[in-house]
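Asks: Sharing final-v1.pdb below, PDB, C-alpha atoms:
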ATOM      1  CA  MET A   1      28.429  65.602 109.316
ATOM      2  CA  GLU A   2      32.017  66.847 109.283
ATOM      3  CA  ILE A   3      33.648  67.902 106.041
ATOM      4  CA  LYS A   4      36.484  65.387 106.361
ATOM      5  CA  TRP A   5      34.167  62.457 105.725
ATOM      6  CA  TYR A   6      32.990  64.062 102.526
ATOM      7  CA  ILE A   7      36.580  64.736 101.483
ATOM      8  CA  GLY A   8      37.485  61.134 102.237
ATOM      9  CA  LEU A   9      34.547  59.771 100.265
ATOM     10  CA  ALA A  10      35.252  61.990  97.260
ATOM     11  CA  LEU A  11      38.956  61.105  97.347
ATOM     12  CA  ALA A  12      38.175  57.400  97.516
ATOM     13  CA  LEU A  13      35.828  57.653  94.523
ATOM     14  CA  PHE A  14      38.353  59.741  92.595
ATOM     15  CA  CYS A  15      41.233  57.363  93.276
ATOM     16  CA  THR A  16      39.059  54.395  92.322
ATOM     17  CA  GLY A  17      38.492  56.131  89.011
ATOM     18  CA  ILE A  18      42.215  56.708  88.593
ATOM     19  CA  VAL A  19      42.993  53.052  89.325
ATOM     20  CA  GLY A  20      40.389  52.076  86.748
ATOM     21  CA  VAL A  21      41.918  54.341  84.114
ATOM     22  CA  LEU A  22      45.375  52.946  84.831
ATOM     23  CA  THR A  23      44.510  49.258  84.973
ATOM     24  CA  ARG A  24      41.728  48.646  82.481
ATOM     25  CA  ARG A  25      42.260  48.368  78.735
ATOM     26  CA  ASN A  26      38.691  48.598  77.508
ATOM     27  CA  SER A  27      38.258  52.194  76.353
ATOM     28  CA  ILE A  28      34.576  52.280  77.320
ATOM     29  CA  ILE A  29      35.413  51.386  80.919
ATOM     30  CA  ILE A  30      38.159  54.006  80.938
ATOM     31  CA  PHE A  31      35.558  56.527  79.825
ATOM     32  CA  MET A  32      33.217  55.414  82.614
ATOM     33  CA  CYS A  33      35.987  55.862  85.159
ATOM     34  CA  ILE A  34      36.396  59.449  83.967
ATOM     35  CA  GLU A  35      32.680  59.975  84.631
ATOM     36  CA  LEU A  36      33.214  58.527  88.107
ATOM     37  CA  MET A  37      35.972  61.062  88.806
ATOM     38  CA  LEU A  38      33.793  63.936  87.576
ATOM     39  CA  ASN A  39      31.008  62.880  89.927
ATOM     40  CA  ALA A  40      33.369  62.673  92.889
ATOM     41  CA  VAL A  41      34.493  66.248  92.237
ATOM     42  CA  ASN A  42      30.885  67.420  91.894
ATOM     43  CA  LEU A  43      29.969  65.880  95.234
ATOM     44  CA  LEU A  44      32.930  67.546  96.920
ATOM     45  CA  LEU A  45      32.024  70.921  95.411
ATOM     46  CA  VAL A  46      28.489  70.740  96.805
ATOM     47  CA  ALA A  47      29.766  69.589 100.200
ATOM     48  CA  PHE A  48      32.230  72.487 100.403
ATOM     49  CA  SER A  49      29.509  74.973  99.512
ATOM     50  CA  LYS A  50      27.328  73.638 102.307
ATOM     51  CA  MET A  51      30.304  73.849 104.655
ATOM     52  CA  HIS A  52      30.729  77.525 103.871
ATOM     53  CA  ALA A  53      27.010  78.063 104.282
ATOM     54  CA  ALA A  54      27.201  76.537 107.753
ATOM     55  CA  SER A  55      30.240  78.492 108.922
ATOM     56  CA  ALA A  56      30.479  82.180 109.695
ATOM     57  CA  LEU A  57      32.055  82.739 106.303
ATOM     58  CA  GLY A  58      28.620  82.341 104.783
ATOM     59  CA  GLN A  59      27.458  85.613 106.265
ATOM     60  CA  THR A  60      29.469  87.599 103.752
ATOM     61  CA  MET A  61      28.714  85.310 100.815
ATOM     62  CA  PRO A  62      24.995  84.601 100.825
ATOM     63  CA  ASN A  63      24.970  83.110  97.341
ATOM     64  CA  VAL A  64      27.731  80.574  97.871
ATOM     65  CA  VAL A  65      25.406  77.572  97.814
ATOM     66  CA  SER A  66      23.528  78.680  94.704
ATOM     67  CA  ASP A  67      26.751  79.525  92.883
ATOM     68  CA  ALA A  68      28.287  76.136  93.661
ATOM     69  CA  GLN A  69      25.211  74.271  92.502
ATOM     70  CA  ILE A  70      24.992  76.243  89.271
ATOM     71  CA  PHE A  71      28.664  75.428  88.773
ATOM     72  CA  VAL A  72      27.979  71.717  89.242
ATOM     73  CA  PHE A  73      25.085  72.019  86.815
ATOM     74  CA  PHE A  74      27.408  73.450  84.168
ATOM     75  CA  ILE A  75      29.929  70.678  84.840
ATOM     76  CA  MET A  76      27.162  68.177  84.101
ATOM     77  CA  VAL A  77      26.305  70.055  80.889
ATOM     78  CA  VAL A  78      29.904  69.898  79.691
ATOM     79  CA  ALA A  79      30.157  66.236  80.715
ATOM     80  CA  ALA A  80      27.100  65.372  78.645
ATOM     81  CA  ALA A  81      28.577  67.069  75.579
ATOM     82  CA  GLU A  82      31.904  65.343  76.188
ATOM     83  CA  VAL A  83      30.267  61.924  76.437
ATOM     84  CA  SER A  84      28.425  62.334  73.155
ATOM     85  CA  VAL A  85      31.599  63.238  71.269
ATOM     86  CA  GLY A  86      33.733  60.659  73.072
ATOM     87  CA  LEU A  87      31.344  57.801  72.390
ATOM     88  CA  ALA A  88      31.200  58.831  68.734
ATOM     89  CA  ILE A  89      35.000  58.617  68.626
ATOM     90  CA  ILE A  90      34.945  55.180  70.286
ATOM     91  CA  VAL A  91      32.333  53.918  67.817
ATOM     92  CA  MET A  92      34.424  55.180  64.914
ATOM     93  CA  LEU A  93      37.562  53.524  66.303
ATOM     94  CA  TYR A  94      35.662  50.270  66.729
ATOM     95  CA  ARG A  95      34.429  50.475  63.162
ATOM     96  CA  ASN A  96      37.976  50.964  61.870
ATOM     97  CA  THR A  97      39.894  48.538  64.068
ATOM     98  CA  HIS A  98      37.167  46.154  65.376
ATOM     99  CA  SER A  99      38.519  46.552  68.866
ATOM    100  CA  VAL A 100      38.150  48.925  71.801
ATOM    101  CA  ASP A 101      41.422  47.868  73.386
ATOM    102  CA  VAL A 102      43.474  50.985  74.006
ATOM    103  CA  ASN A 103      46.731  49.126  73.365
ATOM    104  CA  PHE A 104      45.727  48.680  69.740
ATOM    105  CA  LEU A 105      44.985  52.387  69.523
ATOM    106  CA  ASN A 106      48.395  53.668  70.499
ATOM    107  CA  ARG A 107      49.021  54.837  66.991
ATOM    108  CA  LEU A 108      46.674  57.532  65.790
ATOM    109  CA  LYS A 109      47.237  56.798  62.122
ATOM    110  CA  ASN A 110      44.714  54.245  60.895
TER     111      ASN A 110
ATOM    112  CA  MET B 111      23.942  58.113 115.749
ATOM    113  CA  SER B 112      21.303  60.113 114.007
ATOM    114  CA  ILE B 113      19.340  59.076 110.951
ATOM    115  CA  THR B 114      21.387  61.453 108.794
ATOM    116  CA  GLU B 115      24.658  59.787 109.751
ATOM    117  CA  ILE B 116      23.237  56.329 109.146
ATOM    118  CA  LEU B 117      22.081  57.438 105.686
ATOM    119  CA  PHE B 118      25.447  59.060 104.987
ATOM    120  CA  TRP B 119      27.417  55.936 105.850
ATOM    121  CA  GLY B 120      25.026  53.646 104.012
ATOM    122  CA  LEU B 121      25.192  55.744 100.841
ATOM    123  CA  SER B 122      28.974  56.046 101.125
ATOM    124  CA  VAL B 123      29.409  52.287 101.410
ATOM    125  CA  LEU B 124      27.053  51.802  98.446
ATOM    126  CA  ALA B 125      28.961  54.350  96.333
ATOM    127  CA  LEU B 126      32.361  52.883  97.143
ATOM    128  CA  PHE B 127      31.183  49.327  96.544
ATOM    129  CA  GLY B 128      29.743  50.359  93.182
ATOM    130  CA  ALA B 129      32.919  52.208  92.222
ATOM    131  CA  VAL B 130      35.126  49.241  93.061
ATOM    132  CA  MET B 131      32.837  46.921  91.136
ATOM    133  CA  VAL B 132      32.915  49.243  88.094
ATOM    134  CA  VAL B 133      36.664  48.798  87.967
ATOM    135  CA  ALA B 134      36.746  45.127  88.949
ATOM    136  CA  SER B 135      33.931  43.540  86.958
ATOM    137  CA  LYS B 136      34.809  41.705  83.780
ATOM    138  CA  SER B 137      31.800  42.472  81.637
ATOM    139  CA  PRO B 138      31.238  46.082  80.447
ATOM    140  CA  ILE B 139      27.484  45.653  80.976
ATOM    141  CA  HIS B 140      28.042  44.935  84.661
ATOM    142  CA  SER B 141      30.338  47.945  84.903
ATOM    143  CA  ILE B 142      27.622  50.173  83.484
ATOM    144  CA  LEU B 143      25.005  48.814  85.877
ATOM    145  CA  PHE B 144      27.299  49.341  88.857
ATOM    146  CA  LEU B 145      28.044  52.872  87.671
ATOM    147  CA  ILE B 146      24.293  53.548  87.722
ATOM    148  CA  VAL B 147      24.309  52.337  91.356
ATOM    149  CA  VAL B 148      27.088  54.845  92.089
ATOM    150  CA  PHE B 149      25.105  57.655  90.486
ATOM    151  CA  PHE B 150      22.029  56.824  92.543
ATOM    152  CA  ALA B 151      24.135  56.823  95.728
ATOM    153  CA  ILE B 152      25.598  60.218  94.815
ATOM    154  CA  SER B 153      22.092  61.514  94.176
ATOM    155  CA  GLY B 154      21.208  60.339  97.665
ATOM    156  CA  HIS B 155      24.127  62.360  98.979
ATOM    157  CA  TYR B 156      22.819  65.418  97.137
ATOM    158  CA  ILE B 157      19.428  64.950  98.759
ATOM    159  CA  LEU B 158      21.110  64.697 102.171
ATOM    160  CA  LEU B 159      22.828  68.016 101.415
ATOM    161  CA  ASN B 160      19.450  69.483 100.377
ATOM    162  CA  ALA B 161      20.586  69.956  96.770
ATOM    163  CA  GLN B 162      17.388  68.528  95.362
ATOM    164  CA  PHE B 163      17.711  70.038  91.896
ATOM    165  CA  LEU B 164      21.151  68.492  91.467
ATOM    166  CA  ALA B 165      19.880  65.131  92.711
ATOM    167  CA  ILE B 166      17.133  65.064  90.091
ATOM    168  CA  VAL B 167      19.431  66.340  87.338
ATOM    169  CA  ASN B 168      22.035  63.746  88.280
ATOM    170  CA  ILE B 169      19.514  60.937  87.938
ATOM    171  CA  ILE B 170      17.977  62.271  84.721
ATOM    172  CA  VAL B 171      21.176  63.243  82.920
ATOM    173  CA  TYR B 172      23.661  60.661  84.157
ATOM    174  CA  ALA B 173      21.642  57.577  85.023
ATOM    175  CA  GLY B 174      18.942  58.297  82.455
ATOM    176  CA  ALA B 175      20.762  59.627  79.418
ATOM    177  CA  ILE B 176      24.511  59.082  79.576
ATOM    178  CA  MET B 177      24.426  55.531  80.902
ATOM    179  CA  VAL B 178      21.785  54.534  78.361
ATOM    180  CA  LEU B 179      24.111  55.912  75.704
ATOM    181  CA  PHE B 180      26.945  53.783  77.092
ATOM    182  CA  LEU B 181      24.642  50.773  77.186
ATOM    183  CA  PHE B 182      23.631  51.317  73.566
ATOM    184  CA  VAL B 183      27.244  51.582  72.454
ATOM    185  CA  VAL B 184      28.259  48.418  74.307
ATOM    186  CA  MET B 185      25.310  46.507  72.883
ATOM    187  CA  LEU B 186      25.920  47.799  69.360
ATOM    188  CA  MET B 187      29.530  46.659  69.532
ATOM    189  CA  ASN B 188      28.496  43.303  70.970
ATOM    190  CA  LEU B 189      31.248  43.444  73.554
ATOM    191  CA  ASN B 190      29.429  41.650  76.339
ATOM    192  CA  ALA B 191      30.580  38.198  75.299
ATOM    193  CA  GLU B 192      34.109  39.171  74.465
ATOM    194  CA  SER B 193      36.488  38.850  77.373
ATOM    195  CA  GLU B 194      39.185  41.405  77.846
ATOM    196  CA  PRO B 195      42.641  40.078  76.973
ATOM    197  CA  LYS B 196      44.865  39.611  79.951
ATOM    198  CA  LYS B 197      46.951  42.592  80.802
ATOM    199  CA  ASN B 198      50.361  42.345  82.313
ATOM    200  CA  ARG B 199      49.832  41.644  86.038
ATOM    201  CA  MET B 200      52.795  43.839  86.847
ATOM    202  CA  LEU B 201      51.187  46.836  85.119
ATOM    203  CA  GLN B 202      47.904  46.272  86.938
ATOM    204  CA  PHE B 203      49.733  46.085  90.240
ATOM    205  CA  ALA B 204      51.623  49.281  89.403
ATOM    206  CA  GLY B 205      48.372  51.080  88.611
ATOM    207  CA  LEU B 206      46.847  49.941  91.888
ATOM    208  CA  ILE B 207      49.908  51.038  93.846
ATOM    209  CA  SER B 208      50.061  54.462  92.217
ATOM    210  CA  GLY B 209      46.352  55.095  92.765
ATOM    211  CA  GLY B 210      46.684  54.046  96.386
ATOM    212  CA  CYS B 211      49.719  56.291  96.819
ATOM    213  CA  LEU B 212      47.781  59.272  95.477
ATOM    214  CA  PHE B 213      44.940  58.483  97.894
ATOM    215  CA  LEU B 214      47.303  58.237 100.856
ATOM    216  CA  VAL B 215      49.129  61.460  99.974
ATOM    217  CA  LEU B 216      45.885  63.422  99.598
ATOM    218  CA  ILE B 217      44.430  62.012 102.824
ATOM    219  CA  ALA B 218      47.654  62.851 104.681
ATOM    220  CA  ALA B 219      47.599  66.353 103.227
ATOM    221  CA  ILE B 220      44.048  67.116 104.346
ATOM    222  CA  SER B 221      44.416  65.474 107.744
ATOM    223  CA  ASP B 222      46.700  68.310 108.862
ATOM    224  CA  THR B 223      44.300  71.118 108.081
ATOM    225  CA  THR B 224      42.573  72.896 110.914
ATOM    226  CA  GLN B 225      39.254  73.062 109.113
ATOM    227  CA  ALA B 226      38.924  69.315 108.598
ATOM    228  CA  SER B 227      36.332  68.985 111.337
ATOM    229  CA  GLN B 228      34.141  71.855 110.227
ATOM    230  CA  MET B 229      30.507  70.893 110.040
ATOM    231  CA  VAL B 230      28.569  70.631 106.794
ATOM    232  CA  GLN B 231      25.033  71.964 106.845
ATOM    233  CA  MET B 232      22.865  68.904 106.281
ATOM    234  CA  GLY B 233      19.418  69.804 105.078
ATOM    235  CA  GLY B 234      18.227  73.294 105.892
ATOM    236  CA  GLY B 235      18.502  76.302 103.614
ATOM    237  CA  ASN B 236      16.383  76.534 100.509
ATOM    238  CA  ASN B 237      19.246  77.413  98.201
ATOM    239  CA  GLY B 238      19.191  74.067  96.428
ATOM    240  CA  LEU B 239      15.543  74.161  95.424
ATOM    241  CA  ILE B 240      14.541  74.535  91.804
ATOM    242  CA  LYS B 241      12.867  77.917  92.292
ATOM    243  CA  ASN B 242      15.937  79.549  93.794
ATOM    244  CA  LEU B 243      18.391  77.947  91.379
ATOM    245  CA  GLY B 244      16.222  78.916  88.413
ATOM    246  CA  MET B 245      16.228  82.529  89.513
ATOM    247  CA  VAL B 246      20.014  82.490  89.858
ATOM    248  CA  LEU B 247      20.503  80.657  86.584
ATOM    249  CA  PHE B 248      18.390  83.022  84.516
ATOM    250  CA  LYS B 249      19.507  86.224  86.229
ATOM    251  CA  ASP B 250      23.218  85.953  86.999
ATOM    252  CA  TYR B 251      24.245  83.081  84.750
ATOM    253  CA  VAL B 252      22.137  83.631  81.671
ATOM    254  CA  LEU B 253      25.137  84.201  79.388
ATOM    255  CA  PRO B 254      26.913  80.904  80.271
ATOM    256  CA  PHE B 255      23.535  79.191  79.921
ATOM    257  CA  GLU B 256      23.163  80.449  76.364
ATOM    258  CA  ILE B 257      26.779  79.635  75.531
ATOM    259  CA  SER B 258      26.223  76.076  76.736
ATOM    260  CA  SER B 259      23.488  75.743  74.114
ATOM    261  CA  VAL B 260      26.104  76.579  71.472
ATOM    262  CA  LEU B 261      28.362  73.986  73.080
ATOM    263  CA  PHE B 262      25.632  71.365  72.761
ATOM    264  CA  LEU B 263      25.045  72.283  69.144
ATOM    265  CA  SER B 264      28.737  71.931  68.343
ATOM    266  CA  ALA B 265      28.918  68.634  70.251
ATOM    267  CA  MET B 266      25.935  67.333  68.279
ATOM    268  CA  ILE B 267      27.464  68.368  64.960
ATOM    269  CA  GLY B 268      30.793  66.878  66.000
ATOM    270  CA  ALA B 269      29.200  63.564  66.966
ATOM    271  CA  VAL B 270      27.360  63.383  63.644
ATOM    272  CA  VAL B 271      30.467  64.254  61.619
ATOM    273  CA  ILE B 272      32.657  61.769  63.496
ATOM    274  CA  GLY B 273      30.101  58.990  63.415
ATOM    275  CA  LYS B 274      29.309  59.386  59.736
ATOM    276  CA  LYS B 275      30.286  56.491  57.486
ATOM    277  CA  GLU B 276      33.426  57.073  55.470
ATOM    278  CA  LYS B 277      33.084  57.137  51.723
ATOM    279  CA  GLU B 278      34.293  54.026  49.982
ATOM    280  CA  ASN B 279      36.766  55.841  47.727
ATOM    281  CA  SER B 280      39.484  55.874  50.364
TER     282      SER B 280
END
With the file now loaded, output its structure as C-alpha cells.
Replies:
Amino acid sequence: MEIKWYIGLALALFCTGIVGVLTRRNSIIIFMCIELMLNAVNLLLVAFSKMHAASALGQTMPNVVSDAQIFVFFIMVVAAAEVSVGLAIIVMLYRNTHSVDVNFLNRLKN
Amino acid sequence: MSITEILFWGLSVLALFGAVMVVASKSPIHSILFLIVVFFAISGHYILLNAQFLAIVNIIVYAGAIMVLFLFVVMLMNLNAESEPKKNRMLQFAGLISGGCLFLVLIAAISDTTQASQMVQMGGGNNGLIKNLGMVLFKDYVLPFEISSVLFLSAMIGAVVIGKKEKENS
C-alpha cells in the first residue's frame, strides 16, 4: 500500500475532528473529536515508520519502527492522563453551571 | 486487488464513516459508540501494519478505558435525552468550510511530493511484537517510562482535587 493513501486517510480523520471541534457545542463531543485527531496522528506516525522500514533509508536506522511505536505508546499514555483530567473539569463545570454547552462557558469566572 | 488492499479500503471506509457519524449524530451516546467503531478500525489498520502491540493497547486503553469513562460521564450527567440547542447555521457552515479548506490545502501540499508513492511495508518485520517493543521500552526508554508514572500520579491527584465537592462556606 502506498503512503499517500495513509496520508489521505489520516488527513480526512484529522479534518473531521477539526470540523467537529468547530461546529459542535457539546464539550464532551469536542473532547471526543480531539481524541479522534490524536488517533489520526498516531496512525500516520506508524505508517511513516513502516514506510522508512520498507525503503533503503531503513538500512541506516534499524530501530525506526520500534522507536515510532514506543512514541505512539507514550502519546497514548499522555492522552489517557489528559482525558482523566479533562473529564474531571467537565464534570465540575456541569456541577456548577448545569450545562456542558461551551457557549455558556465563555467566561471562566463562575 | 490483494486481500491486504481490500482490508485497507474496508477499514478506511469504516473509520471515515464512524468519524463523520461522531460529528453528525445528535445524541452523545451515539457519538461515543461511533468513536469506538473508529478505534476498532484504527486497530485493524495497526494489525495490517504489523503493529500488534499498538493494536491491542489501542483497544484496551481507548475503547476499553477512555470510552467507558466518557460513557460514565455522559450517563452521570443524564445528557442523552437533552437535545443540543440549535447553533447558528452560518457558524456551522463556516466550520465545515474551514475544515474542508484545511483538508484541501494539505492534500494539495502532499500531492506534489516525490515520495508520495513510496510503499509502506505491510506485515513483515517483527518490530511491532510485544517482545521486541518490551526490550526497547525497558532498555532505551526506561526513563520516560518512569516519568510517565509520575505523570499518571499527578493526573490522578489533579482529577481528585478538581472533582472534589466544594465546601458549602463559599
Asks: Please check the contacts: residues of chain A at most 7 Å away from chain B, using only C-alpha atoms, listed as a ChimeraX atom specification.
Replies: /A:1-4,9,11-13,15-16,18-20,22-23,29,47,50-51,53-54,65-66,70,80-81,84-85,88-89,92
Asks: Hey, can you spit out that residue selection with C-alpha atoms as an mmCIF file, in the coordinates of the input?
Replies:
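Here's the written file part12.cif:
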data_model
loop_
_atom_site.group_PDB
_atom_site.id
_atom_site.type_symbol
_atom_site.label_atom_id
_atom_site.label_comp_id
_atom_site.auth_asym_id
_atom_site.auth_seq_id
_atom_site.Cartn_x
_atom_site.Cartn_y
_atom_site.Cartn_z
ATOM 1 C CA MET A 1 28.429 65.602 109.316
ATOM 2 C CA GLU A 2 32.017 66.847 109.283
ATOM 3 C CA ILE A 3 33.648 67.902 106.041
ATOM 4 C CA LYS A 4 36.484 65.387 106.361
ATOM 5 C CA LEU A 9 34.547 59.771 100.265
ATOM 6 C CA LEU A 11 38.956 61.105 97.347
ATOM 7 C CA ALA A 12 38.175 57.400 97.516
ATOM 8 C CA LEU A 13 35.828 57.653 94.523
ATOM 9 C CA CYS A 15 41.233 57.363 93.276
ATOM 10 C CA THR A 16 39.059 54.395 92.322
ATOM 11 C CA ILE A 18 42.215 56.708 88.593
ATOM 12 C CA VAL A 19 42.993 53.052 89.325
ATOM 13 C CA GLY A 20 40.389 52.076 86.748
ATOM 14 C CA LEU A 22 45.375 52.946 84.831
ATOM 15 C CA THR A 23 44.510 49.258 84.973
ATOM 16 C CA ILE A 29 35.413 51.386 80.919
ATOM 17 C CA ALA A 47 29.766 69.589 100.200
ATOM 18 C CA LYS A 50 27.328 73.638 102.307
ATOM 19 C CA MET A 51 30.304 73.849 104.655
ATOM 20 C CA ALA A 53 27.010 78.063 104.282
ATOM 21 C CA ALA A 54 27.201 76.537 107.753
ATOM 22 C CA VAL A 65 25.406 77.572 97.814
ATOM 23 C CA SER A 66 23.528 78.680 94.704
ATOM 24 C CA ILE A 70 24.992 76.243 89.271
ATOM 25 C CA ALA A 80 27.100 65.372 78.645
ATOM 26 C CA ALA A 81 28.577 67.069 75.579
ATOM 27 C CA SER A 84 28.425 62.334 73.155
ATOM 28 C CA VAL A 85 31.599 63.238 71.269
ATOM 29 C CA ALA A 88 31.200 58.831 68.734
ATOM 30 C CA ILE A 89 35.000 58.617 68.626
ATOM 31 C CA MET A 92 34.424 55.180 64.914
#
Asks: Output the residue selection produced by the PyMOL selection byres ((chain A and resi 35) around 10) on the file above, formatted as number ranges by chain.
Replies: A: 14, 17, 29-34, 36-40, 76, 79-80, 83; B: 145, 149, 172, 176
Asks: Enter the distance from atom CA of Ala151 of chain B to atom CA of Leu121 of chain B, in Å, rounded to one decimal.
Replies: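 Value for the atom CA of Ala151 of chain B-atom CA of Leu121 of chain B distance: 5.3 Å.
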Asks: I want to know what sits within 7 Å of Ser27 of chain A, based on all atoms listed in the file, with residues of the same chain fewer than 4 positions away left out; could you give that as a VMD selection string?
Replies: chain A and resid 31 100 to 102
Asks: For Val91 of chain A, which of A:Trp5, A:Ala10, A:Val77, A:Ile28 is the closest residue, counting all atoms listed in the file?
Replies: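 Closest candidate: A:Ile28.
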Asks: Which is closest to Val72 of chain A among B:Ile257, B:Ala165, B:Leu181, B:Met111, if we use all atoms listed in the file?
Replies: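 Ranking B:Ile257, B:Ala165, B:Leu181, B:Met111 by distance to Val72 of chain A, first place goes to B:Ala165.
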Asks: Would you mind telling me which residue in B:Leu158, B:Ile169, B:Val178, B:Val215 lies nearest to Gly8 of chain A when using all atoms listed in the file?
Replies: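 So, comparing all the options, the nearest one is B:Val215.
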